[in-house]
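Below is the file upload.csv, which contains CSV, C-alpha atoms.
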```csv
chain,number,residue,atom,x,y,z
O,1,MET,CA,-6.5,-20.3,-10.2
O,2,ASP,CA,-8.5,-17.2,-9.5
O,3,GLU,CA,-7.5,-14.0,-7.6
O,4,THR,CA,-9.5,-11.1,-6.2
O,5,VAL,CA,-8.5,-7.7,-7.6
O,6,ARG,CA,-9.8,-4.2,-8.1
O,7,TYR,CA,-10.6,-2.6,-11.4
O,8,THR,CA,-10.9,1.2,-11.2
O,9,TYR,CA,-12.8,3.4,-13.7
O,10,ARG,CA,-13.5,7.1,-14.1
O,11,LEU,CA,-17.0,8.3,-13.4
O,12,ARG,CA,-18.8,11.2,-15.1
O,13,PRO,CA,-21.6,12.2,-12.7
O,14,GLY,CA,-24.0,14.9,-13.6
O,15,ARG,CA,-25.0,17.7,-11.3
O,16,ILE,CA,-28.0,15.8,-9.8
O,17,ALA,CA,-26.0,12.6,-9.3
O,18,GLU,CA,-23.1,14.5,-7.7
O,19,VAL,CA,-25.4,16.2,-5.2
O,20,ALA,CA,-26.9,12.8,-4.4
O,21,LEU,CA,-23.5,11.3,-3.8
O,22,LEU,CA,-22.4,14.2,-1.6
O,23,SER,CA,-25.6,13.9,0.4
O,24,GLU,CA,-25.0,10.2,0.9
O,25,TRP,CA,-21.4,10.9,2.0
O,26,SER,CA,-22.7,13.4,4.6
O,27,ARG,CA,-24.8,10.7,6.2
O,28,CYS,CA,-22.0,8.2,6.3
O,29,ARG,CA,-19.6,10.8,7.6
O,30,TRP,CA,-22.0,11.6,10.4
O,31,LEU,CA,-22.3,7.9,11.3
O,32,TRP,CA,-18.5,7.6,11.4
O,33,ASN,CA,-18.1,10.6,13.7
O,34,GLU,CA,-20.9,9.2,15.9
O,35,ALA,CA,-19.0,5.9,16.2
O,36,VAL,CA,-15.8,7.8,17.1
O,37,HIS,CA,-17.8,9.6,19.8
O,38,GLN,CA,-19.0,6.3,21.1
O,39,GLN,CA,-15.5,5.0,21.4
O,40,LYS,CA,-14.1,8.1,23.1
O,41,THR,CA,-16.9,8.0,25.7
O,42,GLY,CA,-15.9,4.4,26.7
O,43,ARG,CA,-18.9,2.6,25.3
O,44,ASN,CA,-16.8,0.1,23.3
O,45,PRO,CA,-18.9,0.2,20.1
O,46,THR,CA,-18.8,-3.1,18.3
O,47,PHE,CA,-20.3,-3.6,14.9
O,48,GLY,CA,-23.3,-5.3,16.4
O,49,LYS,CA,-24.0,-2.4,18.8
O,50,LEU,CA,-23.5,0.2,16.0
O,51,SER,CA,-25.9,-1.7,13.8
O,52,LYS,CA,-28.6,-1.6,16.5
O,53,LEU,CA,-28.0,2.1,17.0
O,54,LEU,CA,-28.3,2.7,13.3
O,55,THR,CA,-31.6,0.9,13.1
O,56,GLU,CA,-33.0,3.0,16.0
O,57,ALA,CA,-31.6,6.3,14.4
O,58,ARG,CA,-33.2,5.5,11.0
O,59,SER,CA,-36.5,4.9,12.7
O,60,ARG,CA,-36.4,8.3,14.3
O,61,ASN,CA,-34.6,10.4,11.7
O,62,CYS,CA,-36.1,10.8,8.2
O,63,TRP,CA,-32.8,12.3,7.0
O,64,LEU,CA,-31.0,9.0,7.6
O,65,ARG,CA,-33.9,7.0,6.1
O,66,ASP,CA,-33.6,9.0,2.9
O,67,GLY,CA,-30.1,7.5,2.4
O,68,SER,CA,-29.0,4.0,1.5
O,69,GLN,CA,-28.9,1.5,4.3
O,70,VAL,CA,-26.2,-0.5,2.5
O,71,ALA,CA,-23.8,2.4,2.3
O,72,GLN,CA,-24.4,3.3,6.0
O,73,GLN,CA,-23.9,-0.3,7.1
O,74,GLN,CA,-20.7,-0.5,5.1
O,75,ALA,CA,-19.4,2.8,6.7
O,76,LEU,CA,-19.9,1.3,10.1
O,77,ARG,CA,-18.3,-2.0,9.0
O,78,THR,CA,-15.3,0.0,7.7
O,79,TYR,CA,-15.1,1.8,11.1
O,80,GLY,CA,-15.1,-1.5,12.9
O,81,ALA,CA,-12.3,-2.9,10.8
O,82,ALA,CA,-10.2,0.3,11.4
O,83,LEU,CA,-10.8,0.0,15.1
O,84,ASN,CA,-9.8,-3.6,15.2
O,85,ASP,CA,-6.6,-2.8,13.2
O,86,SER,CA,-5.7,-0.1,15.7
O,87,PHE,CA,-5.4,-2.7,18.4
O,88,LYS,CA,-3.6,-5.3,16.3
O,89,VAL,CA,-1.3,-3.3,13.9
O,90,LYS,CA,1.7,-1.6,15.4
O,91,GLY,CA,1.7,2.1,14.9
O,92,ARG,CA,-2.0,2.3,13.8
O,93,GLY,CA,-3.9,4.9,15.7
O,94,ARG,CA,-7.6,5.0,16.7
O,95,PRO,CA,-10.1,6.1,14.0
O,96,LYS,CA,-10.4,9.9,14.0
O,97,VAL,CA,-13.2,12.3,13.3
O,98,LYS,CA,-13.7,13.0,9.6
O,99,ARG,CA,-14.0,16.8,9.1
O,100,LEU,CA,-15.9,18.2,6.1
O,101,LYS,CA,-12.9,20.2,4.8
O,102,ASP,CA,-10.4,17.4,5.1
O,103,ALA,CA,-12.1,14.1,4.4
O,104,LEU,CA,-12.6,13.0,0.8
O,105,PRO,CA,-16.0,11.4,-0.1
O,106,SER,CA,-15.9,7.6,-0.2
O,107,LEU,CA,-18.9,5.3,-0.4
O,108,GLU,CA,-19.0,1.5,-0.4
O,109,TYR,CA,-21.8,-0.7,-1.8
O,110,THR,CA,-22.2,-4.5,-1.7
O,111,ARG,CA,-23.9,-6.5,-4.4
O,112,ASN,CA,-27.4,-5.6,-3.1
O,113,GLY,CA,-26.7,-1.9,-3.3
O,114,PHE,CA,-25.8,-1.3,-6.9
O,115,ARG,CA,-26.3,-2.6,-10.5
O,116,LEU,CA,-24.8,-2.0,-13.9
O,117,VAL,CA,-27.5,-0.9,-16.4
O,118,ASP,CA,-26.6,-0.1,-20.0
O,119,GLY,CA,-23.0,0.7,-19.1
O,120,ARG,CA,-24.1,3.0,-16.2
O,121,LEU,CA,-23.7,2.5,-12.5
O,122,ARG,CA,-27.1,2.5,-10.8
O,123,LEU,CA,-27.0,3.4,-7.1
O,124,PRO,CA,-29.9,3.5,-4.5
O,125,GLY,CA,-32.3,6.4,-5.0
O,126,LYS,CA,-32.4,5.9,-8.8
O,127,VAL,CA,-29.0,7.6,-9.1
O,128,PHE,CA,-27.4,6.8,-12.5
O,129,VAL,CA,-23.7,7.6,-13.0
O,130,PRO,CA,-22.0,7.1,-16.4
O,131,VAL,CA,-18.8,4.9,-16.3
O,132,VAL,CA,-15.8,5.4,-18.6
O,133,TRP,CA,-15.1,1.7,-19.4
O,134,SER,CA,-11.4,1.9,-20.3
O,135,ARG,CA,-11.2,-1.9,-20.2
O,136,GLU,CA,-13.6,-4.8,-20.0
O,137,PRO,CA,-14.0,-6.2,-16.5
O,138,PRO,CA,-13.1,-10.0,-16.3
O,139,SER,CA,-16.3,-10.9,-14.3
O,140,GLY,CA,-19.3,-9.4,-12.5
O,141,PRO,CA,-18.3,-7.1,-9.6
O,142,SER,CA,-19.2,-8.2,-6.1
O,143,SER,CA,-18.8,-4.7,-4.5
O,144,VAL,CA,-17.9,-1.2,-5.5
O,145,ARG,CA,-16.3,1.8,-3.9
O,146,VAL,CA,-17.3,5.2,-5.2
O,147,TYR,CA,-14.8,8.0,-4.2
O,148,ARG,CA,-13.6,11.4,-5.2
O,149,ASP,CA,-10.0,12.5,-5.3
O,150,SER,CA,-8.4,15.8,-4.4
O,151,LEU,CA,-8.9,17.1,-7.9
O,152,GLY,CA,-12.7,16.6,-7.7
O,153,HIS,CA,-12.7,13.6,-10.1
O,154,TRP,CA,-15.0,10.7,-9.2
O,155,TYR,CA,-14.0,7.0,-9.6
O,156,ALA,CA,-15.6,3.6,-9.1
O,157,SER,CA,-13.4,0.7,-7.9
O,158,PHE,CA,-15.0,-2.7,-8.5
O,159,VAL,CA,-14.0,-5.9,-6.8
O,160,VAL,CA,-13.9,-8.7,-9.4
O,161,ARG,CA,-12.5,-12.2,-9.8
O,162,ARG,CA,-10.0,-13.0,-12.6
O,163,GLU,CA,-7.8,-15.9,-13.5
O,164,MET,CA,-4.3,-15.5,-12.2
O,165,ALA,CA,-1.8,-14.9,-15.0
O,166,GLU,CA,0.9,-17.5,-15.2
O,167,THR,CA,4.3,-16.2,-14.4
O,168,SER,CA,7.2,-17.4,-16.6
O,169,ASP,CA,10.2,-19.0,-15.1
O,170,ALA,CA,12.9,-16.5,-14.0
O,171,ASP,CA,16.0,-16.5,-16.2
O,172,LEU,CA,18.2,-14.9,-13.5
O,173,PRO,CA,18.9,-16.3,-10.0
O,174,GLY,CA,18.6,-13.3,-7.7
O,175,ILE,CA,18.9,-9.5,-7.3
O,176,GLY,CA,19.7,-7.2,-4.4
O,177,VAL,CA,18.0,-3.7,-4.2
O,178,ASP,CA,19.4,-0.8,-2.2
O,179,TRP,CA,17.4,2.4,-1.9
O,180,GLY,CA,19.0,5.8,-2.3
O,181,VAL,CA,18.4,9.5,-3.1
O,182,ARG,CA,20.6,10.1,-6.2
O,183,THR,CA,19.5,6.8,-7.7
O,184,THR,CA,16.1,5.6,-6.5
O,185,ALA,CA,17.0,1.9,-6.6
O,186,THR,CA,20.5,0.5,-7.1
O,187,THR,CA,20.6,-3.2,-7.9
O,188,THR,CA,23.3,-5.8,-8.3
O,189,ASP,CA,22.7,-5.7,-12.0
O,190,PRO,CA,23.0,-2.1,-13.4
O,191,ALA,CA,20.6,-3.0,-16.2
O,192,PHE,CA,17.8,-3.0,-13.6
O,193,ASP,CA,18.6,0.2,-11.8
O,194,LEU,CA,15.8,2.7,-11.3
O,195,PRO,CA,17.3,6.2,-11.8
O,196,HIS,CA,16.1,9.3,-10.1
O,197,LEU,CA,13.7,10.8,-12.7
O,198,GLY,CA,12.7,13.9,-10.8
O,199,HIS,CA,9.1,14.4,-11.8
O,200,ARG,CA,8.3,16.6,-8.9
O,201,ARG,CA,11.4,18.7,-9.5
O,202,ARG,CA,10.4,19.1,-13.1
O,203,CYS,CA,7.0,20.4,-12.0
O,204,ALA,CA,8.4,22.6,-9.2
O,205,ALA,CA,8.4,25.9,-11.2
O,206,GLU,CA,4.9,25.4,-12.5
O,207,LEU,CA,3.7,24.4,-9.0
O,208,ALA,CA,5.4,27.5,-7.4
O,209,LYS,CA,3.7,29.7,-9.9
O,210,ALA,CA,0.3,28.3,-9.0
O,211,GLN,CA,1.0,28.6,-5.3
O,212,ARG,CA,2.0,32.3,-5.7
O,213,LYS,CA,-1.3,32.9,-7.5
O,214,MET,CA,-3.0,31.3,-4.5
O,215,ALA,CA,-1.2,33.6,-2.1
O,216,ARG,CA,-2.2,36.7,-4.1
O,217,ARG,CA,-5.9,35.7,-4.1
O,218,ARG,CA,-6.1,34.5,-0.6
O,219,ARG,CA,-8.7,36.3,1.5
O,220,PRO,CA,-8.9,36.6,5.3
O,221,LYS,CA,-10.1,33.6,7.3
O,222,GLU,CA,-13.5,35.2,8.1
O,223,GLN,CA,-14.3,35.7,4.4
O,224,LYS,CA,-15.3,33.2,1.9
O,225,ALA,CA,-12.7,32.0,-0.6
O,226,SER,CA,-12.9,33.6,-4.0
O,227,LYS,CA,-13.5,31.7,-7.2
O,228,GLY,CA,-10.1,32.7,-8.5
O,229,TYR,CA,-8.4,31.3,-5.4
O,230,LEU,CA,-10.3,28.0,-5.7
O,231,THR,CA,-9.2,27.8,-9.4
O,232,ALA,CA,-5.6,28.4,-8.5
O,233,LYS,CA,-5.8,25.8,-5.7
O,234,ARG,CA,-7.2,23.2,-8.1
O,235,GLN,CA,-4.4,24.0,-10.6
O,236,ALA,CA,-1.7,23.4,-7.9
O,237,ALA,CA,-3.4,20.2,-6.9
O,238,ARG,CA,-3.5,19.0,-10.5
O,239,ILE,CA,0.2,19.6,-11.0
O,240,ALA,CA,1.2,17.7,-7.8
O,241,LYS,CA,-1.1,14.9,-8.7
O,242,LYS,CA,0.5,14.6,-12.2
O,243,ALA,CA,3.9,14.2,-10.7
O,244,ALA,CA,2.7,11.6,-8.2
O,245,ARG,CA,1.0,9.6,-11.0
O,246,GLN,CA,4.2,9.6,-13.0
O,247,ASN,CA,6.2,8.2,-10.0
O,248,THR,CA,3.6,5.5,-9.6
O,249,HIS,CA,3.7,4.5,-13.3
O,250,ASP,CA,7.5,4.3,-13.2
O,251,ALA,CA,7.5,2.2,-10.1
O,252,ARG,CA,5.0,-0.3,-11.5
O,253,ALA,CA,6.9,-0.6,-14.8
O,254,TRP,CA,10.3,-1.1,-13.0
O,255,ALA,CA,8.9,-3.6,-10.4
O,256,LYS,CA,7.2,-5.6,-13.2
O,257,THR,CA,10.6,-5.9,-15.1
O,258,VAL,CA,12.5,-7.0,-11.9
O,259,VAL,CA,9.9,-9.6,-10.9
O,260,GLU,CA,9.8,-11.1,-14.4
O,261,HIS,CA,13.5,-11.9,-14.6
O,262,HIS,CA,14.5,-12.8,-11.0
O,263,ALA,CA,13.6,-15.8,-8.7
O,264,LEU,CA,15.1,-14.2,-5.5
O,265,ILE,CA,14.5,-10.5,-4.7
O,266,ALA,CA,16.5,-9.2,-1.7
O,267,VAL,CA,15.0,-5.8,-0.7
O,268,GLU,CA,16.5,-3.4,1.8
O,269,ASP,CA,13.8,-3.0,4.5
O,270,PHE,CA,14.3,0.8,4.4
O,271,LYS,CA,11.9,3.1,6.3
O,272,PRO,CA,12.0,6.5,4.5
O,273,LYS,CA,9.8,8.2,7.1
O,274,PHE,CA,12.7,9.6,9.0
O,275,LEU,CA,14.0,11.4,5.9
O,276,ALA,CA,11.1,13.8,6.2
O,277,LYS,CA,12.9,15.4,9.2
O,278,THR,CA,16.2,15.9,7.4
O,279,GLY,CA,17.5,18.2,4.7
O,280,MET,CA,16.8,15.4,2.1
O,281,ALA,CA,13.0,15.5,2.6
O,282,ARG,CA,12.3,17.0,-0.8
O,283,LYS,CA,14.6,14.6,-2.7
O,284,ALA,CA,13.2,11.6,-0.7
O,285,ALA,CA,9.6,12.7,-1.6
O,286,ASP,CA,10.6,13.1,-5.2
O,287,ASN,CA,12.1,9.5,-5.3
O,288,ALA,CA,8.9,8.0,-3.8
O,289,ILE,CA,10.9,5.2,-2.2
O,290,GLY,CA,8.0,3.9,-0.2
O,291,ALA,CA,5.8,3.5,-3.2
O,292,CYS,CA,8.5,1.7,-5.2
O,293,LYS,CA,9.2,-0.7,-2.3
O,294,ARG,CA,5.5,-1.6,-1.8
O,295,GLU,CA,5.0,-2.2,-5.5
O,296,LEU,CA,8.1,-4.4,-5.7
O,297,ILE,CA,7.1,-6.5,-2.7
O,298,GLU,CA,3.4,-6.9,-3.8
O,299,ARG,CA,4.3,-7.9,-7.3
O,300,GLY,CA,7.0,-10.3,-6.2
O,301,THR,CA,4.7,-12.0,-3.7
O,302,ARG,CA,1.8,-12.3,-6.2
O,303,ALA,CA,4.1,-13.8,-8.8
O,304,GLY,CA,5.4,-16.4,-6.4
O,305,ARG,CA,9.0,-15.1,-6.2
O,306,LYS,CA,11.1,-15.3,-3.1
O,307,VAL,CA,11.1,-11.8,-1.6
O,308,VAL,CA,13.5,-11.3,1.4
O,309,PRO,CA,13.4,-8.0,3.3
O,310,VAL,CA,16.9,-7.4,4.7
O,311,PRO,CA,17.5,-5.0,7.6
O,312,PRO,CA,19.5,-1.9,6.4
O,313,ALA,CA,21.9,-2.0,9.4
O,314,TYR,CA,25.6,-2.1,8.4
O,315,THR,CA,24.8,-2.9,4.7
O,316,THR,CA,26.8,0.1,3.6
O,317,MET,CA,29.7,-0.6,6.0
O,318,THR,CA,30.1,-4.3,5.1
O,319,CYS,CA,32.3,-5.4,2.2
O,320,SER,CA,30.4,-7.6,-0.3
O,321,GLY,CA,33.7,-9.3,-1.3
O,322,CYS,CA,35.0,-10.6,2.0
O,323,GLY,CA,32.3,-9.7,4.5
O,324,GLU,CA,34.5,-7.5,6.6
O,325,ARG,CA,32.9,-4.6,8.3
O,326,THR,CA,34.5,-1.2,8.5
O,327,ASN,CA,35.1,0.5,11.9
O,328,LEU,CA,33.9,3.9,10.8
O,329,ARG,CA,30.5,4.9,9.4
O,330,LEU,CA,30.7,6.2,5.9
O,331,GLY,CA,29.5,9.8,5.4
O,332,LEU,CA,27.0,10.6,2.6
O,333,GLY,CA,29.7,12.5,0.8
O,334,VAL,CA,31.8,9.3,0.4
O,335,ARG,CA,30.4,7.6,-2.7
O,336,ILE,CA,33.2,4.9,-3.2
O,337,PHE,CA,33.5,2.0,-0.8
O,338,GLU,CA,37.1,0.8,-0.2
O,339,CYS,CA,37.7,-2.4,1.9
O,340,THR,CA,40.9,-2.2,3.9
O,341,ALA,CA,41.0,-6.0,4.4
O,342,CYS,CA,40.8,-7.3,0.9
O,343,GLY,CA,41.2,-4.1,-1.2
O,344,TYR,CA,37.8,-4.4,-2.8
O,345,THR,CA,36.5,-1.1,-4.4
O,346,ALA,CA,33.1,-0.4,-5.7
O,347,ASP,CA,30.3,2.2,-5.7
O,348,ARG,CA,28.8,2.7,-2.3
O,349,ASP,CA,25.2,1.8,-3.3
O,350,LEU,CA,26.4,-1.1,-5.5
O,351,ASN,CA,28.4,-2.6,-2.7
O,352,ALA,CA,25.3,-2.3,-0.4
O,353,ALA,CA,23.1,-4.0,-3.0
O,354,ARG,CA,25.5,-6.9,-3.3
O,355,THR,CA,25.7,-7.2,0.5
O,356,ILE,CA,21.9,-7.3,0.8
O,357,LEU,CA,21.8,-10.1,-1.8
O,358,ALA,CA,24.6,-12.0,-0.1
O,359,THR,CA,22.8,-11.7,3.3
O,360,ALA,CA,19.5,-13.1,1.8
O,361,GLU,CA,21.3,-16.0,0.1
O,362,ARG,CA,23.3,-16.9,3.2
O,363,ASP,CA,20.2,-16.9,5.4
O,364,ARG,CA,18.3,-19.0,3.0
O,365,ALA,CA,21.2,-21.4,2.4
O,366,SER,CA,21.8,-21.8,6.2
O,367,ALA,CA,18.2,-22.7,6.8
O,368,ASP,CA,18.2,-25.2,4.0
O,369,ASP,CA,21.4,-26.8,5.3
O,370,VAL,CA,20.0,-27.2,8.8
O,371,ARG,CA,16.8,-28.8,7.4
O,372,HIS,CA,18.9,-31.1,5.3
O,373,GLN,CA,21.1,-32.1,8.2
O,374,ILE,CA,18.1,-32.8,10.4
O,375,ALA,CA,16.5,-35.0,7.7
O,376,SER,CA,19.7,-36.9,7.2
O,377,PHE,CA,20.3,-37.5,10.9
O,378,ARG,CA,16.8,-38.8,11.4
O,379,GLU,CA,17.1,-41.1,8.4
O,380,ASP,CA,20.4,-42.5,9.7
O,381,TRP,CA,18.9,-43.0,13.1
O,382,SER,CA,15.9,-44.9,11.7
O,383,ASN,CA,18.2,-47.2,9.8
O,384,ALA,CA,20.2,-47.9,12.9
O,385,VAL,CA,16.9,-48.8,14.8
O,386,ARG,CA,16.0,-51.3,12.1
O,387,ALA,CA,19.5,-52.8,12.4
O,388,GLY,CA,19.1,-53.2,16.2
O,389,ASN,CA,21.9,-50.7,17.2
O,390,PRO,CA,20.2,-47.3,17.7
O,391,GLY,CA,22.2,-44.4,19.0
O,392,PRO,CA,20.7,-41.3,20.8
O,393,ARG,CA,17.5,-40.3,19.3
O,394,PRO,CA,17.3,-36.9,17.6
O,395,GLY,CA,16.2,-34.3,20.1
O,396,GLY,CA,18.0,-35.9,23.0
O,397,LYS,CA,15.6,-38.7,23.9
O,398,SER,CA,16.8,-42.2,24.5
O,399,PRO,CA,15.4,-45.2,22.6
O,400,GLY,CA,13.5,-46.3,25.7
O,401,PHE,CA,11.0,-43.5,25.2
O,402,ILE,CA,9.9,-44.7,21.8
O,403,ARG,CA,6.3,-45.5,21.7
O,404,GLY,CA,5.7,-49.3,21.9
O,405,ASP,CA,9.2,-50.0,23.4
O,406,ARG,CA,8.2,-50.2,27.1
```
Just give me the structure as structure tokens.
Amino acid sequence: MDETVRYTYRLRPGRIAEVALLSEWSRCRWLWNEAVHQQKTGRNPTFGKLSKLLTEARSRNCWLRDGSQVAQQQALRTYGAALNDSFKVKGRGRPKVKRLKDALPSLEYTRNGFRLVDGRLRLPGKVFVPVVWSREPPSGPSSVRVYRDSLGHWYASFVVRREMAETSDADLPGIGVDWGVRTTATTTDPAFDLPHLGHRRRCAAELAKAQRKMARRRRPKEQKASKGYLTAKRQAARIAKKAARQNTHDARAWAKTVVEHHALIAVEDFKPKFLAKTGMARKAADNAIGACKRELIERGTRAGRKVVPVPPAYTTMTCSGCGERTNLRLGLGVRIFECTACGYTADRDLNAARTILATAERDRASADDVRHQIASFREDWSNAVRAGNPGPRPGGKSPGFIRGDR
């Protein structure tokens, strides 16, 4: 069985190639902003309407004709998808204007817009960009996304098809995951806990030094930024990016280990967004709970595991031993849970993880029991019909309503 994935590689564009990429990005950004203007003026720009407007604009404007029509069409297609998602996905806003100082360059090309020649990426306009092939792609790419990150590094993300790796059978039944600040992920099995590694905290001193250098070299707004200020800005961005990449690597390694060994994964459906408004904002950002949660759910789903998101309400206040709920909410300073009903005592996060796992198993077991009872009831009723003494039909209908018995 095949799956569609992305393989990302580093690009090493020369000065001429980088100028060509930025010129193409300026055209696509202009088209995106024009589509946003069409939407704000109430013209309801669908992809078909935008394609017609693009054809007319290219016929009148030589600046647009110098660019790739494939990249421009893909920019409008991406805008159309973002606009449709804003109506369907809850909390998704309308597409906004991409400003030059905020938006990072991103170009998309379909199969007709690029080729791979001698290990280099060939784009329209005879633009050749060397690719750092860190690994061999499993198949020929169907599309590519060329983008630049906040550090100024260029990347190419190819869409390829590969054979889905067979996942071995799990040797453990299930695991519950509770998110926290002191420990990023507390599980029912302490061997699979994800400790708080503190990559951002470790880089805080170096980042503060680079930010102080930026503050000393900052010029007034009406003056152009100096070369020393831009160098310090890149250095600060490089330090922050390093910590973020370390968090991503740790989350992927931990999620892979959890998915390989467990058939049922009960995850606390925790929304860490509200922590940004509290005093724990820095610790929450350092833990990267959202990234760990997404990685665990995606890997579990792709591996065919049973992933159950459990609402976080009352998981800390509920005893995992007897199921009794305390009357008072536990403060963050209380790290030990004590049940007044059965006397069960455990770590606060460990008790919550066990409660999450018990909730997921109980919901699944109850659904299976209901389906089993319905199947047994229908089988018994069918046997009674064959014997000539049917009772009430499942669903409340009498035997007189059976098709063919009128």
Margin query: If I take atom CA of O:Ala291 and atom CA of O:Ser320, how far is one from the other in Å, to one decimal?
Written below: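 Computed distance, atom CA of O:Ala291 to atom CA of O:Ser320, equals 27.1 Å.
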Notebook entry, point to check: In terms of the shortest atom-to-atom distance over only C-alpha atoms, which of O:Ser143, O:Asn33, O:Ser134, O:Ser157 is closest to O:Leu100?
Noted result: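 Closest candidate: O:Asn33.
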Note to self: So, with only C-alpha atoms as the atoms that count, which of O:Arg29, O:Arg94, O:Arg99, O:Arg201 lies closest to O:Leu64?
What the structure shows: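 Counting only C-alpha atoms, the residue closest to O:Leu64 is O:Arg29.
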Checklist line | Which of O:Leu121, O:Ala71, O:Val259, O:Leu151 sits closest to O:Ile297 [using only C-alpha atoms] | finding: O:Val259
Next item on the list: Have a look at atom CA of O:Ala210 and atom CA of O:Ala232 and let me know their distance in Å, one decimal.
Entry: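 The value is 5.9 Å.
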Next item on the list: To one decimal in Å, tell me the separation between atom CA of O:Thr41 and atom CA of O:Leu83.
Entry: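 Atom-to-atom, atom CA of O:Thr41 to atom CA of O:Leu83, that is 14.6 Å.
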Next item on the list: Taking (23.6, -5.9, 0.3) in the file's own coordinates, collect the residues within 10 Å, counting all atoms listed in the file, and hand them back as a PyMOL selection string.
Entry: chain O and resi 175-178+187-188+266-268+310-312+314-320+349-360
Next item on the list: Please identify all polymer residues within 12 Å of O:Lys96, counting all atoms listed in the file, omitting same-chain residues fewer than 3 positions from it, and present them as a PyMOL selection string.
Entry: chain O and resi 29+32-40+79+82-83+86+92-93+99+102-103
Let me see the file: selected residues, C-alpha atoms, as a PDB file, keeping the file's coordinate frame.
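Writing the result to out31.pdb gives the following:
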```pdb
ATOM      1  CA  ARG O  29     -19.600  10.800   7.600  1.00  0.00           C
ATOM      2  CA  TRP O  32     -18.500   7.600  11.400  1.00  0.00           C
ATOM      3  CA  ASN O  33     -18.100  10.600  13.700  1.00  0.00           C
ATOM      4  CA  GLU O  34     -20.900   9.200  15.900  1.00  0.00           C
ATOM      5  CA  ALA O  35     -19.000   5.900  16.200  1.00  0.00           C
ATOM      6  CA  VAL O  36     -15.800   7.800  17.100  1.00  0.00           C
ATOM      7  CA  HIS O  37     -17.800   9.600  19.800  1.00  0.00           C
ATOM      8  CA  GLN O  38     -19.000   6.300  21.100  1.00  0.00           C
ATOM      9  CA  GLN O  39     -15.500   5.000  21.400  1.00  0.00           C
ATOM     10  CA  LYS O  40     -14.100   8.100  23.100  1.00  0.00           C
ATOM     11  CA  TYR O  79     -15.100   1.800  11.100  1.00  0.00           C
ATOM     12  CA  ALA O  82     -10.200   0.300  11.400  1.00  0.00           C
ATOM     13  CA  LEU O  83     -10.800   0.000  15.100  1.00  0.00           C
ATOM     14  CA  SER O  86      -5.700  -0.100  15.700  1.00  0.00           C
ATOM     15  CA  ARG O  92      -2.000   2.300  13.800  1.00  0.00           C
ATOM     16  CA  GLY O  93      -3.900   4.900  15.700  1.00  0.00           C
ATOM     17  CA  ARG O  99     -14.000  16.800   9.100  1.00  0.00           C
ATOM     18  CA  ASP O 102     -10.400  17.400   5.100  1.00  0.00           C
ATOM     19  CA  ALA O 103     -12.100  14.100   4.400  1.00  0.00           C
TER      20      ALA O 103
END
```
Note to self: So, with all atoms listed in the file as the atoms that count, which of O:Cys28, O:Gly333, O:Thr326, O:Phe270 lies closest to O:Pro309?
What the structure shows: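 Nearest to O:Pro309: O:Phe270.
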